[in-house]
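Next comes upload00.txt, a file with compact mmCIF, C-alpha atoms.
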# COMPACT_ATOMS: atom_id res chain seq x y z
CA MET A 55 -18.46 -14.53 62.53
CA SER A 56 -14.74 -14.13 62.16
CA ARG A 57 -15.03 -14.47 58.42
CA GLY A 58 -17.68 -11.71 58.27
CA ARG A 59 -15.47 -9.32 60.22
CA ASN A 60 -12.52 -10.04 57.92
CA ASP A 61 -14.64 -9.30 54.83
CA GLY A 62 -15.83 -6.07 56.40
CA ASP A 63 -12.27 -4.96 57.22
CA LEU A 64 -11.13 -5.79 53.68
CA LYS A 65 -13.90 -3.69 52.16
CA LYS A 66 -13.06 -0.77 54.45
CA ARG A 67 -9.37 -0.90 53.50
CA LEU A 68 -10.27 -1.09 49.78
CA ILE A 69 -12.57 1.91 50.03
CA THR A 70 -9.90 3.84 51.96
CA TRP A 71 -7.28 3.16 49.25
CA ILE A 72 -9.67 4.21 46.49
CA VAL A 73 -10.40 7.51 48.28
CA VAL A 74 -6.67 8.17 48.84
CA ILE A 75 -5.80 7.46 45.18
CA ALA A 76 -8.66 9.70 44.01
CA ILE A 77 -7.41 12.56 46.23
CA ILE A 78 -3.83 12.17 44.92
CA CYS A 79 -5.01 12.16 41.29
CA GLY A 80 -7.11 15.25 41.93
CA CYS A 81 -4.17 17.11 43.46
CA LEU A 82 -1.91 16.21 40.55
CA TYR A 83 -4.51 17.41 38.07
CA ILE A 84 -4.98 20.73 39.85
CA TYR A 85 -1.20 21.23 40.09
CA SER A 86 -0.68 20.52 36.39
CA ARG A 87 -3.45 22.97 35.47
CA ASN A 88 -2.12 25.80 37.62
CA ASN A 89 1.65 25.39 37.74
CA GLY A 90 2.76 23.08 34.96
CA THR A 91 2.10 21.98 31.45
CA SER A 92 0.38 18.77 30.48
CA ALA A 93 2.31 15.87 29.03
CA LEU A 94 0.66 16.46 25.67
CA GLU A 95 1.75 20.10 25.55
CA TYR A 96 5.27 19.18 26.64
CA GLY A 97 5.46 16.46 23.99
CA SER A 98 4.21 18.73 21.22
CA LYS A 99 6.74 21.41 22.15
CA SER A 100 9.55 18.85 22.14
CA LEU A 101 8.53 17.52 18.74
CA ARG A 102 8.36 21.01 17.25
CA LYS A 103 11.79 21.81 18.63
CA LEU A 104 13.22 18.55 17.26
CA GLY A 105 11.62 19.10 13.85
CA SER A 106 12.90 22.68 13.68
CA SER A 107 16.47 21.65 14.45
CA TYR A 108 16.31 18.75 11.96
CA LEU A 109 15.02 20.99 9.18
CA GLY A 110 17.70 23.57 9.78
CA GLY A 111 15.71 25.88 12.06
CA GLU A 112 17.29 27.74 14.93
CA ASP A 113 16.52 27.36 18.59
CA ASP A 114 17.28 31.02 19.32
CA GLY A 115 13.80 32.08 18.30
CA ASP A 116 12.24 29.75 20.84
CA GLU A 117 14.48 31.08 23.59
CA ALA A 118 13.87 34.68 22.57
CA SER A 119 10.10 34.30 22.60
CA SER A 120 10.31 32.66 26.03
CA LYS A 121 12.33 35.59 27.36
CA SER A 122 9.83 38.10 26.04
CA GLY A 123 6.99 36.27 27.73
CA GLU A 124 5.37 35.08 24.50
CA ASP A 125 4.10 31.56 23.98
CA PRO A 126 6.55 29.75 21.62
CA GLN A 127 3.57 27.91 20.13
CA ASP A 128 2.36 31.12 18.47
CA ASP A 129 5.64 31.69 16.60
CA ALA A 130 6.40 28.08 15.66
CA MET A 131 6.68 27.69 11.89
CA LEU A 132 7.29 24.34 10.23
CA LYS A 133 9.45 24.36 7.14
CA SER A 134 8.27 22.34 4.18
CA ILE A 135 10.72 20.04 2.43
CA PRO A 136 10.62 20.23 -1.38
CA VAL A 137 10.34 17.16 -3.59
CA CYS A 138 13.47 16.18 -5.51
CA ASP A 139 13.60 16.29 -9.28
CA ASP A 140 12.18 13.19 -11.02
CA ARG A 141 15.72 12.26 -12.05
CA HIS A 142 16.47 11.51 -8.41
CA SER A 143 13.74 8.91 -7.89
CA GLU A 144 16.44 6.35 -7.08
CA LEU A 145 18.63 8.58 -4.94
CA ILE A 146 20.40 6.79 -2.09
CA PRO A 147 21.49 9.16 0.69
CA CYS A 148 25.25 9.40 1.06
CA LEU A 149 25.88 7.48 -2.16
CA ASP A 150 26.63 10.00 -4.91
CA ARG A 151 27.39 8.01 -8.07
CA ASN A 152 28.46 11.14 -9.96
CA LEU A 153 30.95 11.95 -7.22
CA ILE A 154 32.34 8.42 -7.49
CA TYR A 155 32.83 8.82 -11.24
CA GLN A 156 34.57 12.17 -10.75
CA THR A 157 36.99 10.71 -8.19
CA ARG A 158 37.48 7.42 -10.04
CA LEU A 159 41.11 8.12 -10.89
CA LYS A 160 41.89 8.66 -7.21
CA LEU A 161 40.35 5.37 -6.08
CA ASP A 162 42.07 2.01 -5.83
CA LEU A 163 39.87 -0.16 -8.03
CA SER A 164 41.79 -3.31 -7.05
CA LEU A 165 40.51 -2.80 -3.50
CA MET A 166 36.98 -2.08 -4.76
CA GLU A 167 37.06 1.41 -3.28
CA HIS A 168 34.61 2.53 -5.96
CA TYR A 169 32.01 0.39 -4.16
CA GLU A 170 32.57 2.13 -0.84
CA ARG A 171 30.23 4.74 0.52
CA HIS A 172 31.40 8.21 -0.56
CA CYS A 173 29.33 10.95 1.04
CA PRO A 174 29.08 14.21 -0.92
CA VAL A 175 30.37 17.39 0.64
CA PRO A 176 27.63 19.23 2.61
CA GLU A 177 26.92 21.77 -0.13
CA ARG A 178 26.25 18.96 -2.61
CA ARG A 179 23.94 16.93 -0.41
CA PHE A 180 20.25 16.74 -1.24
CA ASN A 181 17.66 18.02 1.22
CA CYS A 182 14.49 16.98 -0.52
CA LEU A 183 11.91 14.21 -0.60
CA ILE A 184 12.70 11.40 -3.04
CA PRO A 185 9.84 11.06 -5.55
CA PRO A 186 8.47 7.72 -6.76
CA PRO A 187 9.24 6.56 -10.32
CA PRO A 188 6.92 7.94 -13.06
CA GLY A 189 3.69 5.94 -13.22
CA TYR A 190 4.11 4.51 -9.72
CA LYS A 191 1.11 2.45 -8.53
CA VAL A 192 -0.12 1.55 -5.07
CA PRO A 193 2.02 -1.49 -4.12
CA ILE A 194 0.52 -4.95 -4.04
CA LYS A 195 -0.06 -6.04 -0.45
CA TRP A 196 1.76 -8.81 1.39
CA PRO A 197 1.77 -11.81 1.12
CA LYS A 198 0.94 -11.56 -2.58
CA SER A 199 3.73 -9.01 -3.05
CA ARG A 200 6.30 -11.70 -2.29
CA ASP A 201 5.58 -13.27 -5.67
CA VAL A 202 4.40 -10.39 -7.88
CA VAL A 203 4.82 -6.57 -8.05
CA TRP A 204 3.97 -3.80 -10.51
CA LYS A 205 6.58 -3.34 -13.22
CA ALA A 206 6.07 0.43 -13.19
CA ASN A 207 7.24 0.57 -9.56
CA ILE A 208 10.63 -1.01 -10.36
CA PRO A 209 11.86 0.36 -13.70
CA HIS A 210 14.67 -2.21 -14.08
CA THR A 211 13.89 -5.44 -15.89
CA HIS A 212 17.16 -6.43 -17.56
CA LEU A 213 17.80 -8.95 -14.77
CA ALA A 214 14.93 -10.97 -16.21
CA ASN A 215 17.05 -11.56 -19.32
CA GLU A 216 20.49 -11.64 -17.71
CA LYS A 217 19.43 -14.17 -15.07
CA SER A 218 16.78 -15.94 -17.13
CA ASP A 219 18.45 -19.33 -16.66
CA GLN A 220 18.31 -18.87 -12.86
CA ASN A 221 14.65 -17.80 -12.73
CA TRP A 222 15.18 -14.72 -10.58
CA MET A 223 12.28 -12.77 -12.06
CA VAL A 224 9.91 -12.95 -15.02
CA VAL A 225 8.22 -9.98 -16.73
CA LYS A 226 4.58 -10.68 -17.55
CA GLY A 227 2.66 -7.73 -18.96
CA ASP A 228 2.51 -4.89 -16.43
CA LYS A 229 3.82 -7.07 -13.59
CA ILE A 230 7.04 -8.74 -12.49
CA GLU A 231 6.79 -12.23 -11.02
CA PHE A 232 9.34 -13.82 -8.69
CA PRO A 233 9.30 -17.64 -8.98
CA GLY A 234 11.67 -18.00 -6.02
CA GLY A 235 14.79 -18.74 -8.02
CA GLY A 236 18.33 -17.48 -7.52
CA THR A 237 21.98 -18.20 -8.15
CA HIS A 238 21.95 -21.15 -5.73
CA PHE A 239 18.21 -21.88 -5.79
CA HIS A 240 18.12 -24.56 -8.48
CA TYR A 241 14.84 -25.94 -7.09
CA GLY A 242 13.50 -22.72 -5.62
CA ALA A 243 14.29 -20.70 -2.49
CA ASP A 244 12.04 -22.79 -0.23
CA LYS A 245 13.83 -26.02 -1.20
CA TYR A 246 17.19 -24.28 -0.72
CA ILE A 247 16.22 -23.16 2.79
CA ALA A 248 15.06 -26.68 3.68
CA ALA A 249 18.37 -28.08 2.35
CA ILE A 250 20.33 -25.75 4.66
CA ALA A 251 18.22 -26.87 7.62
CA ASN A 252 18.81 -30.51 6.68
CA MET A 253 22.55 -29.91 6.41
CA LEU A 254 22.52 -28.38 9.91
CA ASN A 255 20.48 -31.36 11.15
CA PHE A 256 17.57 -29.21 12.31
CA SER A 257 14.33 -31.06 13.02
CA ASN A 258 11.72 -31.27 10.23
CA ASP A 259 14.09 -29.39 7.90
CA ILE A 260 12.90 -26.07 9.34
CA LEU A 261 15.68 -23.50 9.54
CA ASN A 262 14.47 -21.65 12.63
CA ASN A 263 15.56 -24.70 14.71
CA GLU A 264 12.43 -24.67 16.89
CA GLY A 265 12.62 -20.90 17.42
CA ARG A 266 16.32 -20.72 18.33
CA LEU A 267 17.27 -19.01 15.06
CA ARG A 268 15.24 -15.90 14.25
CA THR A 269 17.35 -13.50 12.16
CA VAL A 270 19.49 -13.95 9.05
CA LEU A 271 21.74 -11.47 7.22
CA ASP A 272 21.54 -12.04 3.45
CA VAL A 273 24.56 -10.35 1.84
CA GLY A 274 24.27 -10.01 -1.93
CA CYS A 275 20.53 -10.68 -1.83
CA GLY A 276 19.76 -10.23 -5.53
CA VAL A 277 16.00 -9.69 -5.74
CA ALA A 278 15.61 -10.86 -2.10
CA SER A 279 13.76 -14.13 -2.76
CA PHE A 280 15.75 -15.81 0.02
CA GLY A 281 14.50 -13.26 2.56
CA GLY A 282 10.95 -13.48 1.22
CA TYR A 283 10.75 -17.22 1.73
CA MET A 284 12.36 -17.02 5.19
CA LEU A 285 9.20 -15.43 6.58
CA SER A 286 7.24 -18.66 6.11
CA SER A 287 9.75 -20.26 8.52
CA ASP A 288 9.06 -17.58 11.18
CA MET A 289 12.41 -15.92 10.47
CA ILE A 290 13.35 -12.43 9.34
CA ALA A 291 16.15 -11.78 6.86
CA MET A 292 17.89 -8.43 6.47
CA SER A 293 18.72 -8.31 2.75
CA LEU A 294 21.73 -6.34 1.48
CA ALA A 295 22.57 -5.61 -2.15
CA PRO A 296 24.83 -3.09 -3.92
CA ASN A 297 23.80 -0.42 -6.39
CA ASP A 298 26.00 -1.74 -9.19
CA VAL A 299 25.65 -2.75 -12.86
CA HIS A 300 22.36 -4.43 -11.91
CA GLN A 301 21.02 -1.04 -10.81
CA ASN A 302 19.39 -0.67 -7.41
CA GLN A 303 18.33 -4.21 -6.52
CA ILE A 304 17.12 -3.06 -3.14
CA GLN A 305 14.05 -1.65 -4.90
CA PHE A 306 12.90 -5.21 -5.55
CA ALA A 307 13.10 -6.10 -1.85
CA LEU A 308 11.33 -2.92 -0.75
CA GLU A 309 8.52 -3.35 -3.25
CA ARG A 310 8.06 -6.97 -2.22
CA GLY A 311 7.83 -5.98 1.46
CA ILE A 312 11.13 -7.51 2.62
CA PRO A 313 13.50 -5.75 5.11
CA CYS A 314 16.59 -4.52 3.28
CA ILE A 315 19.37 -1.94 3.11
CA PRO A 316 21.84 -0.81 0.38
CA TRP A 317 25.17 -2.63 0.56
CA CYS A 318 27.93 -0.01 0.62
CA PHE A 319 30.91 -1.79 2.11
CA ARG A 320 33.61 -4.15 0.89
CA ASP A 321 35.75 -6.99 2.15
CA LYS A 322 39.42 -6.65 1.11
CA GLU A 323 40.69 -10.12 1.85
CA THR A 324 37.85 -12.55 1.19
CA SER A 325 34.62 -12.74 -0.71
CA LEU A 326 31.60 -12.69 1.54
CA PRO A 327 29.38 -15.80 1.56
CA LYS A 328 25.90 -15.66 0.13
CA GLN A 329 24.27 -15.93 3.53
CA ILE A 330 25.68 -15.14 6.96
CA PHE A 331 23.94 -16.58 10.01
If you took the structure in this file and wrote it as structure tokens, what would it be?
Amino acid sequence: MSRGRNDGDLKKRLITWIVVIAIICGCLYIYSRNNGTSALEYGSKSLRKLGSSYLGGEDDGDEASSKSGEDPQDDAMLKSIPVCDDRHSELIPCLDRNLIYQTRLKLDLSLMEHYERHCPVPERRFNCLIPPPPGYKVPIKWPKSRDVVWKANIPHTHLANEKSDQNWMVVKGDKIEFPGGGTHFHYGADKYIAAIANMLNFSNDILNNEGRLRTVLDVGCGVASFGGYMLSSDMIAMSLAPNDVHQNQIQFALERGIPCIPWCFRDKETSLPKQIF
């Protein structure tokens, strides 16, 4: 009998809480309809305001329309961003190579200042969408993209000849293949990664050390084969490479689906190691 009464009391309390929550939700809904704006409307207004300020728009119009009693949604106009000229398909923001050449005599080449980031003055900065290279194709999907990409998407193939003895990349017809070689990868990137794990005495020659090591910074990544093969060890590598005589090597990493960023800094005193953990 006691158990039946307890079950009855529990059901009554549950029903009471459901009714109370329903009343509260109803009141909030009515209030938002009559006196406030919904979260969706607020979010859309915020996004429009943010987009307008980012694209060079002014906030005064929004304030003026509010003062006059008009809905700012009616006057909101999004500005379209033009596409850059095809010559700028490899443009890197805040890295103006022409500006570097013009200021070359003022730079200290012994300190590698010509490899530093030199942002153009505001009036010379580009405000346009970077177009893909001519003939660009839909990229090959991961994981196949780790080993092969379309040649048309990366219009730089001289590394295949310059680094042919190191097996960085091989041009085959309309595709570029990446055998997993590199400056230090005499037996392939996967064997190199296992050798590092063995040197560090990690179990089973797996570099993630049973999940304790998850992220690697690969400075001077080349075509990013090291980072590509790290993913099979449940690790992510951030690959960095300069835009130098080898052109923009970061394009190889991006096309292969590997996290990367242009390398625009220098080290005065020492040379940076190939990989930094």
Exercise. Separation of atom CA of A:Cys275 and atom CA of A:Asn215, in Å?
Worked result: 17.9 Å
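The two atoms in question, atom CA of A:Cys148 and atom CA of A:Pro176, are spaced 10.2 Å apart.
Between atom CA of A:Phe239 and atom CA of A:Asp219 lies a distance of 11.2 Å.
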Problem set entry | Proximity to A:Gly235 - best of A:Met292, A:Cys138, A:Ala214, A:Leu163, all atoms listed in the file |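 For A:Gly235, the nearest of the candidates is A:Ala214.
With all atoms listed in the file as the atoms that count, the minimum distance from A:Leu254 to the choices A:Thr211, A:Leu267, A:Leu183, A:Leu68 is reached by A:Leu267.
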For this session: For A:Ile247, work out the shell of residues within 12 Å, counting all atoms listed in the file and skipping chain neighbours fewer than 3 positions away, then give it as an MDAnalysis selection string.
Result: chainID A and resid 234:236 238:244 250:254 256 258:262 270 279:287 289 329
Exercise. Given the choices A:Arg310, A:Arg268, A:Lys198, A:Arg67, which gets closest to A:Ala291 if the distance is worked out from all atoms listed in the file?
Worked result: A:Arg268
